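**Student:** This is upload-v9.txt, which holds compact mmCIF, C-alpha atoms:
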# COMPACT_ATOMS: atom_id res chain seq x y z
CA MET A 1 3.76 4.10 2.53
CA ASP A 2 3.27 5.48 -0.99
CA ILE A 3 5.89 6.71 -3.47
CA GLY A 4 4.51 8.87 -6.27
CA ILE A 5 6.11 8.57 -9.71
CA VAL A 6 6.22 12.03 -11.32
CA GLY A 7 7.85 13.74 -14.31
CA LEU A 8 7.17 15.40 -17.63
CA PRO A 9 5.07 13.52 -20.22
CA ASN A 10 6.87 10.79 -22.19
CA VAL A 11 9.86 10.41 -19.87
CA GLY A 12 9.03 6.78 -19.05
CA LYS A 13 6.88 6.98 -15.89
CA SER A 14 4.24 4.48 -16.95
CA THR A 15 6.85 2.18 -18.48
CA LEU A 16 8.58 2.22 -15.10
CA PHE A 17 5.28 1.46 -13.41
CA ASN A 18 4.72 -1.45 -15.80
CA ALA A 19 8.14 -2.80 -14.89
CA LEU A 20 7.54 -2.33 -11.17
CA THR A 21 4.21 -4.05 -11.03
CA GLY A 22 3.92 -6.10 -14.20
CA ALA A 23 0.65 -4.23 -14.67
CA ALA A 24 -0.70 -3.05 -17.99
CA ALA A 25 -0.61 0.64 -17.18
CA ALA A 26 -0.88 2.73 -20.32
CA ALA A 27 2.50 3.55 -21.85
CA SER A 28 1.63 5.04 -25.22
CA ASN A 29 3.76 7.65 -26.95
CA PHE A 30 1.30 10.41 -26.10
CA PRO A 31 1.09 12.96 -23.26
CA PHE A 32 -1.61 12.42 -20.60
CA THR A 33 -2.07 8.73 -21.44
CA THR A 34 -2.43 8.12 -17.70
CA ILE A 35 -5.70 9.76 -16.68
CA GLU A 36 -6.24 8.20 -13.25
CA PRO A 37 -3.29 7.41 -10.99
CA ASN A 38 -2.36 3.74 -11.23
CA VAL A 39 -1.53 2.19 -7.88
CA GLY A 40 0.44 -1.01 -7.41
CA ILE A 41 2.17 -2.78 -4.55
CA VAL A 42 5.66 -3.75 -5.64
CA PRO A 43 7.17 -6.82 -3.94
CA ILE A 44 10.70 -6.39 -2.62
CA PRO A 45 12.98 -9.36 -3.39
CA ASP A 46 14.64 -10.66 -0.21
CA ALA A 47 16.80 -13.82 -0.15
CA ARG A 48 16.39 -14.02 3.63
CA LEU A 49 12.81 -15.23 3.16
CA SER A 50 13.94 -18.44 1.45
CA ARG A 51 16.48 -19.19 4.19
CA LEU A 52 13.87 -18.68 6.92
CA SER A 53 11.35 -20.83 5.05
CA ASP A 54 13.90 -23.66 4.74
CA GLU A 55 14.41 -23.57 8.49
CA PHE A 56 10.81 -24.66 8.93
CA GLY A 57 10.88 -27.37 6.29
CA GLY A 58 9.57 -25.09 3.59
CA SER A 59 6.77 -22.71 4.51
CA THR A 60 3.46 -23.25 2.76
CA LYS A 61 3.47 -19.57 1.82
CA ILE A 62 6.25 -16.99 1.40
CA THR A 63 5.19 -13.35 1.35
CA PRO A 64 7.67 -10.54 0.63
CA ALA A 65 7.22 -6.98 1.82
CA GLY A 66 6.03 -4.40 -0.69
CA ILE A 67 5.98 -0.66 -1.36
CA ARG A 68 3.02 1.09 -2.94
CA PHE A 69 3.92 3.04 -6.08
CA VAL A 70 1.48 5.57 -7.51
CA ASP A 71 1.91 6.40 -11.21
CA ILE A 72 0.77 9.99 -11.68
CA ALA A 73 0.28 11.53 -15.13
CA GLY A 74 2.87 13.78 -16.72
CA LEU A 75 3.02 17.34 -15.45
CA VAL A 76 3.74 20.23 -17.79
CA LYS A 77 4.83 23.84 -17.38
CA GLY A 78 1.81 25.67 -15.96
CA ALA A 79 0.44 22.62 -14.13
CA SER A 80 0.10 24.64 -10.91
CA THR A 81 -2.37 26.92 -12.70
CA GLY A 82 -4.25 24.04 -14.29
CA GLU A 83 -2.33 23.52 -17.55
CA GLY A 84 -2.60 20.01 -18.93
CA LEU A 85 -4.41 18.13 -16.21
CA GLY A 86 -2.28 19.82 -13.57
CA ASN A 87 -4.49 20.55 -10.58
CA GLN A 88 -6.00 17.06 -10.58
CA PHE A 89 -2.60 15.36 -10.52
CA LEU A 90 -0.99 17.75 -8.07
CA GLY A 91 -3.76 16.75 -5.68
CA ASN A 92 -2.81 13.10 -6.13
CA ILE A 93 0.83 13.87 -5.34
CA ARG A 94 -0.07 15.47 -2.00
CA SER A 95 -1.25 12.14 -0.61
CA VAL A 96 2.04 10.25 -1.17
CA ASP A 97 4.89 9.95 1.33
CA ALA A 98 7.80 10.41 -1.08
CA VAL A 99 8.44 11.27 -4.71
CA ALA A 100 10.28 9.35 -7.43
CA HIS A 101 11.08 11.96 -10.07
CA VAL A 102 11.62 10.29 -13.46
CA VAL A 103 13.87 12.26 -15.81
CA ARG A 104 14.49 11.39 -19.45
CA CYS A 105 18.17 10.65 -20.05
CA PHE A 106 17.95 8.83 -23.38
CA ARG A 107 17.97 9.95 -27.01
CA ASP A 108 15.23 8.59 -29.30
CA ASP A 109 13.72 10.58 -32.16
CA ASN A 110 10.76 8.19 -32.22
CA VAL A 111 9.62 9.22 -28.73
CA VAL A 112 8.04 12.68 -28.56
CA ASN A 113 9.90 15.14 -26.35
CA VAL A 114 7.61 17.83 -24.91
CA MET A 115 10.63 20.15 -24.53
CA ASN A 116 12.50 21.73 -27.44
CA ASP A 117 15.83 20.35 -26.23
CA LEU A 118 16.71 17.20 -24.30
CA ASN A 119 17.94 18.78 -21.08
CA PRO A 120 17.52 16.65 -17.92
CA SER A 121 18.38 19.49 -15.54
CA GLU A 122 15.88 21.88 -17.15
CA ALA A 123 13.23 19.15 -17.16
CA ALA A 124 13.77 18.60 -13.43
CA ASP A 125 13.58 22.37 -12.88
CA ILE A 126 10.17 22.55 -14.59
CA ILE A 127 8.67 19.88 -12.35
CA GLU A 128 10.24 21.31 -9.19
CA MET A 129 9.03 24.82 -10.04
CA GLU A 130 5.46 23.63 -10.62
CA LEU A 131 5.51 21.77 -7.31
CA MET A 132 6.82 24.84 -5.50
CA LEU A 133 4.22 27.10 -7.11
CA SER A 134 1.52 24.67 -6.03
CA ASP A 135 2.92 24.68 -2.48
CA MET A 136 2.92 28.49 -2.48
CA GLN A 137 -0.79 28.46 -3.28
CA GLN A 138 -1.34 25.88 -0.54
CA ALA A 139 0.67 27.89 1.99
CA GLN A 140 -1.06 31.19 1.16
CA LYS A 141 -4.48 29.58 1.44
CA ALA A 142 -3.59 28.11 4.83
CA TYR A 143 -2.09 31.41 6.02
CA ASP A 144 -5.27 33.28 5.08
CA LYS A 145 -7.24 30.73 7.10
CA TRP A 146 -5.14 30.96 10.28
CA ILE A 147 -4.11 34.63 10.40
CA ARG A 148 -7.37 35.87 11.96
CA PRO A 149 -7.33 33.45 14.94
CA ALA A 150 -3.59 34.11 15.27
CA LYS A 151 -4.23 37.84 15.68
CA SER A 152 -6.90 36.99 18.23
CA GLY A 153 -4.32 35.31 20.45
CA ASP A 154 -4.68 31.66 19.44
CA LYS A 155 -1.18 30.23 20.17
CA ASP A 156 -1.58 27.24 17.85
CA ALA A 157 -2.73 29.47 14.98
CA LYS A 158 0.15 31.88 15.66
CA ALA A 159 2.69 29.04 15.48
CA LYS A 160 1.18 27.86 12.20
CA CYS A 161 1.28 31.35 10.70
CA GLU A 162 4.92 31.82 11.66
CA VAL A 163 5.84 28.57 9.92
CA LEU A 164 3.70 29.42 6.88
CA GLU A 165 5.35 32.84 6.56
CA ALA A 166 8.75 31.11 6.55
CA VAL A 167 7.52 28.57 3.98
CA LEU A 168 6.30 31.32 1.65
CA LYS A 169 9.55 33.24 2.01
CA GLY A 170 11.63 30.13 1.28
CA LEU A 171 9.54 29.06 -1.71
CA ASP A 172 9.70 32.59 -3.12
CA ALA A 173 13.50 32.25 -2.97
CA GLY A 174 13.29 28.93 -4.83
CA ILE A 175 13.93 26.69 -1.80
CA PRO A 176 11.71 23.58 -1.54
CA VAL A 177 10.12 22.97 1.86
CA ARG A 178 12.25 19.85 2.56
CA GLN A 179 15.36 22.05 2.50
CA GLN A 180 13.93 24.58 4.95
CA ALA A 181 14.72 24.13 8.65
CA LEU A 182 11.17 24.36 9.98
CA ASP A 183 8.95 22.67 12.58
CA LYS A 184 8.39 19.23 11.01
CA GLU A 185 5.28 18.50 13.07
CA ILE A 186 3.53 21.64 11.88
CA ILE A 187 4.79 21.21 8.29
CA SER A 188 3.36 17.67 8.13
CA THR A 189 -0.19 18.97 8.70
CA PHE A 190 -0.18 20.90 5.39
CA GLN A 191 0.93 18.12 2.99
CA PHE A 192 3.38 20.29 1.08
CA ILE A 193 4.61 18.40 -1.98
CA THR A 194 8.15 19.79 -1.81
CA ALA A 195 8.39 18.75 1.84
CA LYS A 196 8.44 15.10 0.75
CA PRO A 197 11.75 13.27 0.29
CA VAL A 198 12.69 12.80 -3.36
CA MET A 199 14.82 10.50 -5.47
CA TYR A 200 15.68 10.90 -9.13
CA VAL A 201 15.15 8.03 -11.54
CA ALA A 202 17.29 8.59 -14.64
CA ASN A 203 15.60 6.74 -17.50
CA THR A 204 18.52 5.72 -19.70
CA GLY A 205 18.84 4.16 -23.14
CA GLU A 206 19.22 0.42 -23.69
CA ASN A 207 22.96 0.87 -24.26
CA GLY A 208 23.45 2.29 -20.77
CA PRO A 209 23.67 5.80 -19.30
CA ASP A 210 24.58 8.71 -21.58
CA GLU A 211 27.04 10.55 -19.32
CA ASP A 212 26.54 13.87 -21.12
CA LEU A 213 22.88 13.72 -20.11
CA MET A 214 23.53 12.16 -16.69
CA LYS A 215 26.17 14.62 -15.48
CA PRO A 216 23.87 17.61 -14.75
CA LEU A 217 21.36 15.32 -13.02
CA ARG A 218 24.10 13.74 -10.90
CA GLU A 219 25.31 17.20 -9.90
CA ARG A 220 21.77 18.24 -9.00
CA ALA A 221 21.19 15.14 -6.87
CA ALA A 222 24.54 15.59 -5.10
CA LYS A 223 23.75 19.22 -4.31
CA GLU A 224 20.37 18.27 -2.84
CA GLY A 225 21.64 15.17 -1.04
CA ALA A 226 19.12 13.12 -3.06
CA ALA A 227 19.53 9.60 -4.39
CA ILE A 228 19.77 8.98 -8.13
CA ILE A 229 19.00 5.63 -9.75
CA PRO A 230 19.96 5.13 -13.41
CA LEU A 231 17.89 2.43 -15.09
CA CYS A 232 16.39 1.66 -18.48
CA THR A 233 12.65 1.41 -17.93
CA LYS A 234 12.12 -0.21 -21.34
CA PHE A 235 14.62 -2.98 -20.58
CA GLU A 236 13.23 -3.54 -17.06
CA ALA A 237 9.65 -3.68 -18.37
CA GLU A 238 10.67 -6.32 -20.94
CA ILE A 239 12.57 -8.40 -18.38
CA VAL A 240 9.62 -8.50 -15.97
CA GLN A 241 7.58 -10.28 -18.65
CA LEU A 242 9.98 -13.25 -18.55
CA PRO A 243 9.67 -16.19 -16.15
CA PRO A 244 11.62 -15.39 -12.93
CA GLU A 245 14.12 -18.21 -13.54
CA GLU A 246 15.16 -16.67 -16.88
CA ARG A 247 15.66 -13.08 -15.75
CA LYS A 248 19.12 -13.50 -14.21
CA ASP A 249 20.61 -14.67 -17.50
CA TYR A 250 19.34 -11.55 -19.26
CA TYR A 251 20.69 -9.26 -16.54
CA ASP A 252 24.04 -11.06 -16.70
CA ALA A 253 24.13 -10.71 -20.50
CA ALA A 254 23.49 -6.97 -20.14
CA GLY A 255 26.23 -6.68 -17.51
CA ILE A 256 23.77 -5.63 -14.81
CA GLY A 257 24.78 -6.93 -11.37
CA THR A 258 21.90 -5.42 -9.41
CA PRO A 259 18.57 -5.12 -11.26
CA GLY A 260 17.37 -1.53 -11.45
CA LEU A 261 14.04 -2.34 -9.85
CA ALA A 262 15.67 -4.01 -6.85
CA LEU A 263 17.86 -0.94 -6.42
CA LEU A 264 14.82 1.31 -6.74
CA ALA A 265 12.90 -0.64 -4.09
CA LYS A 266 15.89 -0.58 -1.73
CA THR A 267 16.33 3.16 -2.25
CA GLY A 268 12.61 3.66 -1.66
CA CYS A 269 12.87 1.93 1.72
CA GLU A 270 15.83 4.13 2.67
CA LEU A 271 14.01 7.24 1.46
CA LEU A 272 11.01 6.44 3.64
CA GLY A 273 13.14 5.43 6.62
CA LEU A 274 11.81 1.86 6.60
CA MET A 275 13.25 -1.38 7.94
CA CYS A 276 12.21 -5.01 7.72
CA PHE A 277 11.32 -7.66 10.29
CA PHE A 278 10.11 -11.22 9.74
CA THR A 279 7.58 -13.69 11.03
CA ALA A 280 8.43 -17.28 10.14
CA GLY A 281 6.92 -20.72 10.53
CA HIS A 282 5.60 -23.75 8.69
CA GLN A 283 2.43 -22.00 7.49
CA GLU A 284 3.97 -18.72 6.32
CA THR A 285 7.24 -16.83 6.23
CA ARG A 286 6.66 -13.13 5.73
CA ALA A 287 8.55 -9.83 5.62
CA TRP A 288 7.05 -6.68 7.13
CA LEU A 289 8.10 -3.07 6.55
CA ILE A 290 7.94 -0.62 9.46
CA PRO A 291 9.48 2.81 10.13
CA LYS A 292 12.85 2.72 11.88
CA GLY A 293 12.42 3.26 15.60
CA THR A 294 9.11 1.35 15.79
CA ARG A 295 8.32 -0.26 19.17
CA ALA A 296 7.51 -3.96 19.36
CA VAL A 297 3.87 -3.37 20.29
CA ASN A 298 3.36 -1.17 17.22
CA ALA A 299 5.11 -3.69 14.99
CA ALA A 300 2.60 -6.25 16.29
CA GLY A 301 -0.17 -3.92 15.13
CA LYS A 302 1.29 -4.04 11.62
CA ILE A 303 0.23 -7.70 11.55
CA HIS A 304 -3.14 -7.29 13.26
CA SER A 305 -4.73 -4.80 15.65
CA ASP A 306 -5.73 -7.65 18.01
CA ILE A 307 -2.08 -8.63 18.42
CA GLU A 308 -1.21 -5.05 19.34
CA ARG A 309 -4.16 -4.75 21.73
CA GLY A 310 -3.41 -8.03 23.50
CA PHE A 311 0.40 -7.81 23.34
CA ILE A 312 2.20 -9.76 26.08
CA ARG A 313 5.76 -10.36 24.88
CA ALA A 314 7.79 -10.58 21.68
CA GLU A 315 10.02 -13.62 21.23
CA ILE A 316 12.88 -12.37 19.03
CA TYR A 317 16.05 -13.64 17.42
CA ARG A 318 18.26 -12.10 14.74
CA TYR A 319 18.38 -13.41 11.18
CA ASN A 320 22.17 -12.96 11.17
CA ASP A 321 22.46 -15.19 14.27
CA LEU A 322 20.47 -17.89 12.48
CA VAL A 323 22.87 -17.78 9.53
CA ALA A 324 25.97 -17.66 11.74
CA LEU A 325 24.90 -20.51 14.04
CA GLY A 326 23.25 -22.63 11.36
CA SER A 327 19.84 -23.42 12.83
CA TYR A 328 17.06 -22.13 15.05
CA LYS A 329 17.91 -24.85 17.58
CA ALA A 330 21.51 -23.60 17.74
CA VAL A 331 20.22 -20.04 18.22
CA GLN A 332 18.15 -21.27 21.19
CA GLU A 333 21.08 -23.19 22.68
CA ALA A 334 23.27 -20.07 22.39
CA LYS A 335 20.58 -18.15 24.31
CA LYS A 336 20.19 -15.75 21.39
CA VAL A 337 16.38 -15.83 21.59
CA THR A 338 15.13 -13.04 23.85
CA LEU A 339 11.77 -12.06 25.31
CA GLU A 340 11.07 -8.37 24.81
CA GLY A 341 8.37 -6.03 26.09
CA LYS A 342 6.22 -3.37 24.44
CA ASP A 343 8.93 -0.72 24.37
CA TYR A 344 11.59 -2.80 22.63
CA ILE A 345 12.80 -0.97 19.52
CA MET A 346 12.63 -3.28 16.52
CA GLN A 347 15.85 -3.89 14.58
CA GLU A 348 16.47 -4.70 10.92
CA GLY A 349 16.36 -8.47 10.42
CA ASP A 350 14.52 -9.35 13.65
CA VAL A 351 12.56 -12.59 13.44
CA VAL A 352 9.57 -12.35 15.77
CA TYR A 353 6.91 -14.49 17.39
CA PHE A 354 4.38 -12.30 19.18
CA ARG A 355 2.66 -13.60 22.28
CA PHE A 356 -0.72 -12.01 22.87
CA SER A 357 -4.12 -12.56 24.50
CA VAL A 358 -7.47 -10.96 23.62
What does this structure look like when you write it as structure tokens?
**Tutor:**
Amino acid sequence: MDIGIVGLPNVGKSTLFNALTGAAAAASNFPFTTIEPNVGIVPIPDARLSRLSDEFGGSTKITPAGIRFVDIAGLVKGASTGEGLGNQFLGNIRSVDAVAHVVRCFRDDNVVNVMNDLNPSEAADIIEMELMLSDMQQAQKAYDKWIRPAKSGDKDAKAKCEVLEAVLKGLDAGIPVRQQALDKEIISTFQFITAKPVMYVANTGENGPDEDLMKPLRERAAKEGAAIIPLCTKFEAEIVQLPPEERKDYYDAAGIGTPGLALLAKTGCELLGLMCFFTAGHQETRAWLIPKGTRAVNAAGKIHSDIERGFIRAEIYRYNDLVALGSYKAVQEAKKVTLEGKDYIMQEGDVVYFRFSV
């Protein structure tokens, strides 16, 4: 699952990426610093891993789950027609599963602003408009491809054309595809950018959010039903350079209860409809992300295709039962460990041992 980081140049996208991954992605004060999309897997902090590891005397290895973030270069007005490096980067966006739209909500005369005025709502409008224009081109191209077979009686082509006509009409009215009530299965085949779920990342100053700048963005997010995460990318990028044991003191000193990156990762999971299950033992305790509603046999395939192919049963207990009862032995004695078949729907916090034979 990939989340693409998009926005105008110099709003803090690459600084956010640096904070997320600890990578040295370019973050210079210059548009188009990022030429190729940087990709990084961001670990998701989860205190449950330590508790599970302790249950087995301290696992040799602890592996958190992670979300792939793709840092895509700054888009500008006219990107859909090739302005800046538009077409190249719009192509990169199509391959992601969701979009993190970074919007500048800080004042700093030393950081170039590509717009005349610092207006978060207008900045968000520019990006959204370019994405919709790009989707219109995509939809028209697809419609031109399928209209001939549709007129010849091809039912599949006819269904596609009907959806594409609706998409074009909605986009022309300024409605992104995700807000149009259309056949999701057909829509998914075209990789429309505005069909992807979106969250807004408000890049604030080091002294906290500027409410005059935040208000229009909050109103926009509320209207769209989108999440909004205020965080200072500069502060987060500096914190990530510190040893892990020192970071909490800095967050406490800044009055930050939940680190912005942890909140971003959590929101990303919610945006993508993901949940977490665990495998635990002496050798390794590990968290795995899967879509909500995943069957046990498919969750097994997340670990290895052989486990899915040779699936016999899943031995499952709940993390919350482990905490409530105090030990794995107590969970067993309370008959809270169950054997489940292929069609069992995985639940958040399941701890699993897969039985299989190949």
**Student:** Once 4 Å is added on each side, what are the centre and the three edge lengths, in Å to one decimal, of the axis-aligned box enclosing the listed atoms of stretch 46-65 of chain A? Present them as AutoDock Vina command-line options.
**Tutor:**
--center_x 10.1 --center_y -17.2 --center_z 4.4 --size_x 21.3 --size_y 28.4 --size_z 17.1
**Student:** Using Å and a single decimal, report how far atom CA of A:Ala100 sits from atom CA of A:Gly301.
**Tutor:**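 Distance reported for this atom pair: 28.2 Å.
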**Student:** Have a look at atom CA of A:Lys329 and atom CA of A:Trp288 and let me know their distance in Å, one decimal.
**Tutor:**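 Atom CA of A:Lys329 sits 23.6 Å away from atom CA of A:Trp288.
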**Student:** List as a short mmCIF file (atom, residue, chain, number, x, y, z; two decimals) with C-alpha atoms, in the coordinates of the input the protein and nucleic acid residues near A:Pro43, meaning an atom at most 10 Å away when only C-alpha atoms are counted, but skip any in the same chain fewer than 2 places from it.
**Tutor:**
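Written output follows (around39.cif):
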data_model
loop_
_atom_site.label_atom_id
_atom_site.label_comp_id
_atom_site.auth_asym_id
_atom_site.auth_seq_id
_atom_site.Cartn_x
_atom_site.Cartn_y
_atom_site.Cartn_z
CA LEU A 20 7.54 -2.33 -11.17
CA THR A 21 4.21 -4.05 -11.03
CA GLY A 40 0.44 -1.01 -7.41
CA ILE A 41 2.17 -2.78 -4.55
CA PRO A 45 12.98 -9.36 -3.39
CA ASP A 46 14.64 -10.66 -0.21
CA THR A 63 5.19 -13.35 1.35
CA PRO A 64 7.67 -10.54 0.63
CA ALA A 65 7.22 -6.98 1.82
CA GLY A 66 6.03 -4.40 -0.69
CA ILE A 67 5.98 -0.66 -1.36
CA ARG A 68 3.02 1.09 -2.94
CA ALA A 262 15.67 -4.01 -6.85
CA ALA A 265 12.90 -0.64 -4.09
#
**Student:** Determine, using all atoms listed in the file, which residues of stretch 258-351 of chain A have any atom at most 9 Å from an atom of stretch 198-216 of chain A, and tabulate each with its shortest atom pair and distance in Å to one decimal place, rows ordered by chain and then rising number, as JSON lines.
**Tutor:**
{"residue": "A:Leu264", "atom": "CA", "partner": "A:Val201", "partner_atom": "CA", "distance": 8.3}
{"residue": "A:Thr267", "atom": "CA", "partner": "A:Met199", "partner_atom": "CA", "distance": 8.2}
{"residue": "A:Gly268", "atom": "CA", "partner": "A:Met199", "partner_atom": "CA", "distance": 8.1}
{"residue": "A:Leu271", "atom": "CA", "partner": "A:Val198", "partner_atom": "CA", "distance": 7.5}
**Student:** Interatomic distance between atom CA of A:Leu272 and atom CA of A:Gln347?
**Tutor:**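 Interatomic distance, atom CA of A:Leu272 to atom CA of A:Gln347: 15.8 Å.
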**Student:** Go through A:Phe354, A:Tyr143, A:Phe106, A:Phe278 and flag the residue nearest A:Gly12, using all atoms listed in the file for the distances.
**Tutor:** A:Phe106
**Student:** So that I can see what lies close to A:Tyr344, please list as a list in words the residues with an atom at most 9 Å from it, counting only C-alpha atoms and leaving out residues fewer than 4 positions away in the same chain.
**Tutor:**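 Returned residues: Thr294, Arg295, Ala296, Val297, Ala314 and Glu340 of chain A.
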**Student:** Looking at all atoms listed in the file, which of A:Leu339, A:Leu261, A:Ile290, A:Ala222 is the one that sits closest to A:Phe235?
**Tutor:**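 Of the candidates, the smallest distance to A:Phe235 is held by A:Leu261.
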**Student:** List the spatial neighbours of A:Val323 as an NGL selection string - criterion: any atom at most 12 Å away, only C-alpha atoms, same-chain residues fewer than 2 positions off excluded.
**Tutor:** :A and (48 or 51-52 or 54-55 or 317-321 or 325-331 or 349)
**Student:** Which one of A:Val351, A:Ala142, A:Ile312, A:Leu131 sits closest to A:Arg286 if you count only C-alpha atoms?
**Tutor:**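 Among the listed residues, the smallest separation from A:Arg286 belongs to A:Val351.
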**Student:** Near A:Gln179, within 12 Å and counting all atoms listed in the file, which residues show up once chain neighbours fewer than 2 positions away are dropped, as a list in words?
**Tutor:**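 The filter keeps Ala166, Val167, Gly170, Leu171, Ala173, Gly174, Ile175, Pro176, Val177, Ala181, Leu182, Asp183, Lys184, Thr194, Ala195, Lys196, Pro197, Val198, Lys223, Glu224, Gly225 and Ala226 of chain A.
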**Student:** For A:Leu322, which of A:Ala227, A:Val337, A:Met1, A:Glu308 is the closest residue, counting all atoms listed in the file?
**Tutor:**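 Closest residue, counting all atoms listed in the file: A:Val337.
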**Student:** When distances are computed from all atoms listed in the file, which of A:Thr338, A:Gly255, A:Gly260, A:Leu164 shows the smallest separation from A:Val240?
**Tutor:** A:Gly260
**Student:** Within 6 Å of (12.6, -0.7, 13.8), only C-alpha atoms: residues as a ChimeraX atom specification?
**Tutor:** /A:275,291-294,345-347
